[in-house]
>>> print(open('target.pdb').read())   # PDB, C-alpha atoms, pLDDT in the B column
ATOM      1  CA  MET A   1     -75.257 -65.749 150.774  1.00 46.00           C
ATOM      2  CA  LYS A   2     -72.437 -64.351 148.646  1.00 46.00           C
ATOM      3  CA  ARG A   3     -73.894 -66.016 145.549  1.00 42.00           C
ATOM      4  CA  LEU A   4     -77.309 -64.546 146.255  1.00 37.00           C
ATOM      5  CA  LEU A   5     -75.846 -61.054 146.655  1.00 39.00           C
ATOM      6  CA  LEU A   6     -73.827 -61.497 143.477  1.00 37.00           C
ATOM      7  CA  LEU A   7     -76.912 -62.678 141.585  1.00 35.00           C
ATOM      8  CA  LEU A   8     -78.923 -59.705 142.843  1.00 36.00           C
ATOM      9  CA  ALA A   9     -76.141 -57.298 141.849  1.00 42.00           C
ATOM     10  CA  VAL A  10     -75.957 -58.775 138.343  1.00 37.00           C
ATOM     11  CA  LEU A  11     -79.719 -58.637 137.923  1.00 38.00           C
ATOM     12  CA  ALA A  12     -79.874 -55.073 139.181  1.00 43.00           C
ATOM     13  CA  THR A  13     -77.264 -53.845 136.708  1.00 43.00           C
ATOM     14  CA  ALA A  14     -78.163 -56.043 133.755  1.00 43.00           C
ATOM     15  CA  ALA A  15     -81.895 -55.487 133.612  1.00 42.00           C
ATOM     16  CA  PRO A  16     -82.997 -52.364 135.449  1.00 41.00           C
ATOM     17  CA  ALA A  17     -85.951 -51.888 133.108  1.00 43.00           C
ATOM     18  CA  TRP A  18     -87.832 -55.117 133.958  1.00 36.00           C
ATOM     19  CA  GLY A  19     -91.472 -54.353 134.341  1.00 42.00           C
ATOM     20  CA  GLN A  20     -91.142 -50.954 132.750  1.00 45.00           C
ATOM     21  CA  THR A  21     -92.693 -49.915 129.477  1.00 46.00           C
ATOM     22  CA  PRO A  22     -89.959 -49.015 126.990  1.00 47.00           C
ATOM     23  CA  PRO A  23     -90.007 -45.368 125.958  1.00 50.00           C
ATOM     24  CA  THR A  24     -91.427 -44.694 122.547  1.00 53.00           C
ATOM     25  CA  ALA A  25     -89.267 -42.896 120.060  1.00 55.00           C
ATOM     26  CA  ALA A  26     -90.391 -39.512 118.897  1.00 56.00           C
ATOM     27  CA  PRO A  27     -91.696 -39.617 115.343  1.00 57.00           C
ATOM     28  CA  THR A  28     -89.124 -38.464 112.831  1.00 62.00           C
ATOM     29  CA  ALA A  29     -89.673 -36.869 109.472  1.00 67.00           C
ATOM     30  CA  ALA A  30     -89.127 -39.122 106.509  1.00 66.00           C
ATOM     31  CA  PRO A  31     -85.724 -38.552 104.945  1.00 68.00           C
ATOM     32  CA  ALA A  32     -85.665 -36.572 101.736  1.00 70.00           C
ATOM     33  CA  PRO A  33     -85.396 -38.778  98.671  1.00 71.00           C
ATOM     34  CA  PRO A  34     -81.864 -38.973  97.309  1.00 74.00           C
ATOM     35  CA  LEU A  35     -80.893 -36.625  94.542  1.00 87.00           C
ATOM     36  CA  SER A  36     -80.950 -38.063  91.038  1.00 94.00           C
ATOM     37  CA  TYR A  37     -77.902 -38.232  88.834  1.00 96.00           C
ATOM     38  CA  GLY A  38     -77.636 -35.838  85.927  1.00 96.00           C
ATOM     39  CA  PRO A  39     -75.426 -35.701  82.869  1.00 97.00           C
ATOM     40  CA  PRO A  40     -71.709 -35.814  83.769  1.00 98.00           C
ATOM     41  CA  ILE A  41     -69.918 -32.543  84.380  1.00 98.00           C
ATOM     42  CA  GLY A  42     -67.906 -31.373  81.389  1.00 98.00           C
ATOM     43  CA  LEU A  43     -64.188 -30.682  81.287  1.00 98.00           C
ATOM     44  CA  GLU A  44     -64.567 -26.903  80.984  1.00 98.00           C
ATOM     45  CA  THR A  45     -66.733 -26.622  84.104  1.00 98.00           C
ATOM     46  CA  ALA A  46     -64.602 -29.147  85.992  1.00 98.00           C
ATOM     47  CA  GLN A  47     -61.437 -27.195  85.189  1.00 98.00           C
ATOM     48  CA  ALA A  48     -63.125 -23.938  86.269  1.00 98.00           C
ATOM     49  CA  LEU A  49     -63.907 -25.588  89.631  1.00 98.00           C
ATOM     50  CA  VAL A  50     -60.267 -26.604  90.047  1.00 98.00           C
ATOM     51  CA  ASP A  51     -59.147 -23.070  89.159  1.00 98.00           C
ATOM     52  CA  ARG A  52     -61.570 -21.448  91.656  1.00 98.00           C
ATOM     53  CA  ALA A  53     -60.487 -23.898  94.365  1.00 98.00           C
ATOM     54  CA  VAL A  54     -56.828 -23.036  93.742  1.00 98.00           C
ATOM     55  CA  GLU A  55     -57.672 -19.321  93.985  1.00 98.00           C
ATOM     56  CA  ALA A  56     -59.586 -19.884  97.240  1.00 98.00           C
ATOM     57  CA  ALA A  57     -56.717 -21.962  98.628  1.00 98.00           C
ATOM     58  CA  ARG A  58     -54.110 -19.324  97.767  1.00 97.00           C
ATOM     59  CA  ALA A  59     -56.240 -16.606  99.373  1.00 97.00           C
ATOM     60  CA  ARG A  60     -56.294 -18.671 102.589  1.00 97.00           C
ATOM     61  CA  GLY A  61     -52.645 -19.728 102.468  1.00 97.00           C
ATOM     62  CA  PHE A  62     -53.399 -23.427 101.880  1.00 98.00           C
ATOM     63  CA  ARG A  63     -51.614 -25.931  99.631  1.00 98.00           C
ATOM     64  CA  LEU A  64     -54.200 -28.357  98.284  1.00 98.00           C
ATOM     65  CA  ALA A  65     -54.981 -31.137  95.874  1.00 98.00           C
ATOM     66  CA  ILE A  66     -58.321 -30.742  94.074  1.00 98.00           C
ATOM     67  CA  ALA A  67     -60.204 -33.454  92.184  1.00 98.00           C
ATOM     68  CA  VAL A  68     -63.414 -33.138  90.182  1.00 98.00           C
ATOM     69  CA  VAL A  69     -65.205 -36.324  89.201  1.00 98.00           C
ATOM     70  CA  GLU A  70     -68.316 -37.244  87.228  1.00 98.00           C
ATOM     71  CA  PRO A  71     -71.260 -39.032  88.938  1.00 98.00           C
ATOM     72  CA  SER A  72     -69.577 -42.423  88.526  1.00 97.00           C
ATOM     73  CA  GLY A  73     -66.635 -41.137  90.536  1.00 98.00           C
ATOM     74  CA  GLU A  74     -64.232 -41.141  87.599  1.00 98.00           C
ATOM     75  CA  LEU A  75     -61.800 -38.251  87.369  1.00 98.00           C
ATOM     76  CA  VAL A  76     -62.572 -35.332  85.017  1.00 98.00           C
ATOM     77  CA  ALA A  77     -60.107 -32.666  86.217  1.00 98.00           C
ATOM     78  CA  PHE A  78     -57.370 -32.489  88.812  1.00 98.00           C
ATOM     79  CA  GLY A  79     -54.992 -29.898  90.203  1.00 98.00           C
ATOM     80  CA  ARG A  80     -52.171 -30.201  92.686  1.00 98.00           C
ATOM     81  CA  MET A  81     -50.685 -27.062  94.147  1.00 98.00           C
ATOM     82  CA  ASP A  82     -46.935 -26.874  94.633  1.00 97.00           C
ATOM     83  CA  ASP A  83     -45.637 -28.467  97.832  1.00 96.00           C
ATOM     84  CA  VAL A  84     -48.903 -30.139  98.854  1.00 97.00           C
ATOM     85  CA  GLN A  85     -48.276 -33.460 100.581  1.00 97.00           C
ATOM     86  CA  TYR A  86     -48.413 -36.342  98.140  1.00 97.00           C
ATOM     87  CA  GLY A  87     -50.940 -38.230 100.257  1.00 97.00           C
ATOM     88  CA  SER A  88     -53.485 -35.501  99.523  1.00 98.00           C
ATOM     89  CA  ILE A  89     -53.603 -36.538  95.853  1.00 98.00           C
ATOM     90  CA  ASN A  90     -55.361 -39.823  96.614  1.00 98.00           C
ATOM     91  CA  VAL A  91     -57.388 -38.358  99.471  1.00 98.00           C
ATOM     92  CA  ALA A  92     -58.853 -35.581  97.270  1.00 98.00           C
ATOM     93  CA  GLN A  93     -59.861 -38.118  94.638  1.00 98.00           C
ATOM     94  CA  ALA A  94     -61.352 -40.473  97.254  1.00 98.00           C
ATOM     95  CA  LYS A  95     -63.383 -37.650  98.845  1.00 98.00           C
ATOM     96  CA  ALA A  96     -64.751 -36.620  95.447  1.00 98.00           C
ATOM     97  CA  ARG A  97     -65.537 -40.219  94.463  1.00 98.00           C
ATOM     98  CA  SER A  98     -67.357 -40.819  97.771  1.00 98.00           C
ATOM     99  CA  ALA A  99     -69.430 -37.632  97.436  1.00 98.00           C
ATOM    100  CA  ALA A 100     -70.407 -38.453  93.847  1.00 98.00           C
ATOM    101  CA  ARG A 101     -71.214 -42.129  94.265  1.00 97.00           C
ATOM    102  CA  PHE A 102     -73.194 -41.697  97.476  1.00 96.00           C
ATOM    103  CA  ARG A 103     -74.755 -38.342  96.437  1.00 96.00           C
ATOM    104  CA  ALA A 104     -73.830 -36.809  99.788  1.00 96.00           C
ATOM    105  CA  SER A 105     -70.994 -34.760 101.193  1.00 97.00           C
ATOM    106  CA  SER A 106     -68.178 -36.594 102.871  1.00 97.00           C
ATOM    107  CA  ALA A 107     -68.802 -34.234 105.824  1.00 97.00           C
ATOM    108  CA  SER A 108     -72.235 -35.840 106.297  1.00 95.00           C
ATOM    109  CA  ALA A 109     -70.576 -39.264 106.483  1.00 95.00           C
ATOM    110  CA  GLU A 110     -68.123 -37.840 109.020  1.00 94.00           C
ATOM    111  CA  GLU A 111     -71.031 -36.531 111.123  1.00 96.00           C
ATOM    112  CA  ARG A 112     -72.819 -39.906 111.010  1.00 95.00           C
ATOM    113  CA  LEU A 113     -69.624 -41.684 112.046  1.00 94.00           C
ATOM    114  CA  ALA A 114     -69.094 -39.239 114.928  1.00 94.00           C
ATOM    115  CA  ALA A 115     -72.677 -39.967 116.022  1.00 96.00           C
ATOM    116  CA  GLY A 116     -71.798 -43.644 116.363  1.00 95.00           C
ATOM    117  CA  ARG A 117     -72.687 -45.091 112.936  1.00 95.00           C
ATOM    118  CA  ILE A 118     -69.500 -47.164 112.790  1.00 94.00           C
ATOM    119  CA  ALA A 119     -71.123 -49.472 110.228  1.00 94.00           C
ATOM    120  CA  LEU A 120     -70.135 -46.827 107.665  1.00 92.00           C
ATOM    121  CA  LEU A 121     -66.568 -48.052 107.988  1.00 92.00           C
ATOM    122  CA  ALA A 122     -67.611 -51.366 106.443  1.00 94.00           C
ATOM    123  CA  ILE A 123     -68.908 -49.743 103.251  1.00 95.00           C
ATOM    124  CA  ASP A 124     -66.359 -49.737 100.472  1.00 95.00           C
ATOM    125  CA  GLY A 125     -65.749 -46.290  99.066  1.00 95.00           C
ATOM    126  CA  ILE A 126     -67.197 -44.141 101.862  1.00 96.00           C
ATOM    127  CA  VAL A 127     -64.779 -41.470 103.018  1.00 96.00           C
ATOM    128  CA  PRO A 128     -66.026 -40.014 106.313  1.00 96.00           C
ATOM    129  CA  VAL A 129     -63.774 -36.944 106.201  1.00 97.00           C
ATOM    130  CA  ALA A 130     -65.055 -33.495 105.174  1.00 98.00           C
ATOM    131  CA  GLY A 131     -63.854 -32.052 101.881  1.00 98.00           C
ATOM    132  CA  GLY A 132     -65.908 -34.003  99.326  1.00 98.00           C
ATOM    133  CA  VAL A 133     -68.990 -32.178  98.041  1.00 98.00           C
ATOM    134  CA  PRO A 134     -71.500 -33.220  95.354  1.00 98.00           C
ATOM    135  CA  ILE A 135     -71.927 -30.810  92.446  1.00 98.00           C
ATOM    136  CA  VAL A 136     -75.650 -30.312  91.990  1.00 97.00           C
ATOM    137  CA  VAL A 137     -77.219 -28.667  88.927  1.00 96.00           C
ATOM    138  CA  ASP A 138     -81.010 -28.492  88.595  1.00 94.00           C
ATOM    139  CA  SER A 139     -81.396 -30.812  91.616  1.00 93.00           C
ATOM    140  CA  ARG A 140     -79.240 -33.479  89.970  1.00 96.00           C
ATOM    141  CA  VAL A 141     -75.754 -34.652  90.905  1.00 97.00           C
ATOM    142  CA  VAL A 142     -73.475 -34.051  87.917  1.00 98.00           C
ATOM    143  CA  GLY A 143     -70.249 -34.807  89.766  1.00 98.00           C
ATOM    144  CA  ALA A 144     -68.341 -33.925  92.906  1.00 98.00           C
ATOM    145  CA  ILE A 145     -65.276 -32.046  94.053  1.00 98.00           C
ATOM    146  CA  GLY A 146     -62.791 -33.357  96.566  1.00 98.00           C
ATOM    147  CA  VAL A 147     -60.207 -31.216  98.313  1.00 98.00           C
ATOM    148  CA  SER A 148     -57.350 -32.304 100.562  1.00 98.00           C
ATOM    149  CA  GLY A 149     -54.285 -30.740 102.139  1.00 98.00           C
ATOM    150  CA  ALA A 150     -55.554 -28.502 104.946  1.00 98.00           C
ATOM    151  CA  SER A 151     -57.829 -29.480 107.841  1.00 98.00           C
ATOM    152  CA  SER A 152     -60.971 -31.312 106.771  1.00 97.00           C
ATOM    153  CA  ALA A 153     -63.109 -28.274 107.671  1.00 97.00           C
ATOM    154  CA  GLN A 154     -60.847 -26.020 105.571  1.00 98.00           C
ATOM    155  CA  ASP A 155     -60.910 -28.518 102.689  1.00 98.00           C
ATOM    156  CA  ASP A 156     -64.710 -28.479 102.834  1.00 98.00           C
ATOM    157  CA  GLU A 157     -64.762 -24.663 102.916  1.00 98.00           C
ATOM    158  CA  VAL A 158     -62.632 -24.445  99.760  1.00 98.00           C
ATOM    159  CA  ALA A 159     -64.716 -27.082  97.944  1.00 98.00           C
ATOM    160  CA  ARG A 160     -67.927 -25.220  98.711  1.00 98.00           C
ATOM    161  CA  ALA A 161     -66.391 -21.847  97.751  1.00 98.00           C
ATOM    162  CA  ALA A 162     -65.372 -23.251  94.361  1.00 98.00           C
ATOM    163  CA  ILE A 163     -68.860 -24.639  93.738  1.00 98.00           C
ATOM    164  CA  ALA A 164     -70.472 -21.346  94.775  1.00 97.00           C
ATOM    165  CA  ALA A 165     -68.167 -19.401  92.422  1.00 97.00           C
ATOM    166  CA  VAL A 166     -68.720 -21.637  89.391  1.00 97.00           C
ATOM    167  CA  ILE A 167     -72.128 -23.282  89.813  1.00 96.00           C
ATOM    168  CA  GLY A 168     -73.810 -20.854  92.203  1.00 89.00           C
ATOM    169  CA  GLY A 169     -75.939 -21.708  95.132  1.00 66.00           C
TER     170      GLY A 169
END
>>> encode(input="target.pdb", output="structure tokens")
Amino acid sequence: MKRLLLLLAVLATAAPAWGQTPPTAAPTAAPAPPLSYGPPIGLETAQALVDRAVEAARARGFRLAIAVVEPSGELVAFGRMDDVQYGSINVAQAKARSAARFRASSASAEERLAAGRIALLAIDGIVPVAGGVPIVVDSRVVGAIGVSGASSAQDDEVARAAIAAVIGG
């Protein structure tokens, strides 16, 4: 009798949907096609982005590391404010590289990870921490900026402020 009760309990918890029609998923809109890559960002524009990010950081009382990369993820310009933690140097560059190579903000990877997409952790080069933002000119990714040293939300805010000041948008 105990075995029968145990079997019934297992069946009741393991397969409650037997005989039921599975719910159909609501149709979703097709994802937008990925942005194309454009010509790499030049040194003058990259340095202007670093300068604007430093100004935005000072105005907010942050100490940050700022990296600007071309679409391949290779460094074009970098700035490290006094007394920023040394770990932020590599983190800023990794955020920028991730945003450039995957043509998406590192904040979007963070959101997908928070939603349960843990498979992202298996992809080499993805940094699921806000603060890496693609630089888009004429609907084409010409590089990315990565910021590190404050909270990830504050890093992202400074990156976007620098892009808005230099590129527009």
>>> resolve_selection(input="target.pdb", expression="the PyMOL selection byres ((chain A and resi 147-160) around 7)", output="ChimeraX atom specification")
/A:53,56-57,62-67,84-85,88,91-92,129-133,145-146,161-164
>>> resolve_selection(input="target.pdb", expression="the PyMOL selection byres ((chain A and resi 76) around 12)", output="PyMOL selection string")
chain A and resi 40-50+66-75+77-79+93+96-97+142-146
>>> resolve_selection(input="target.pdb", expression="the PyMOL selection byres ((chain A and resi 33-35) around 9)", output="list of chain:residue names")
A:Ala30, A:Pro31, A:Ala32, A:Ser36, A:Tyr37, A:Arg103, A:Ala104, A:Val136, A:Ser139, A:Arg140, A:Val141
>>> closest_residue(input="target.pdb", among="A:Ala114, A:Ala119, A:Asp82, A:Gly38", to="Arg58 in chain A", atoms="only C-alpha atoms")
A:Asp82
>>> atom_distance(input="target.pdb", atom1="CA of Gly168 in chain A", atom2="CA of Leu113 in chain A")
29.1 Å
>>> axis_aligned_box(input="target.pdb", around="range 94-112 of chain A", padding_each_side="5 Å", output="lines of an AutoDock Vina configuration file")
center_x = -68.1
center_y = -38.2
center_z = 102.5
size_x = 23.4
size_y = 17.9
size_z = 27.3
>>> atom_distance(input="target.pdb", atom1="CA of Ser98 in chain A", atom2="CA of Pro134 in chain A")
9.0 Å
>>> atom_distance(input="target.pdb", atom1="CA of Ile135 in chain A", atom2="CA of Ala99 in chain A")
8.8 Å
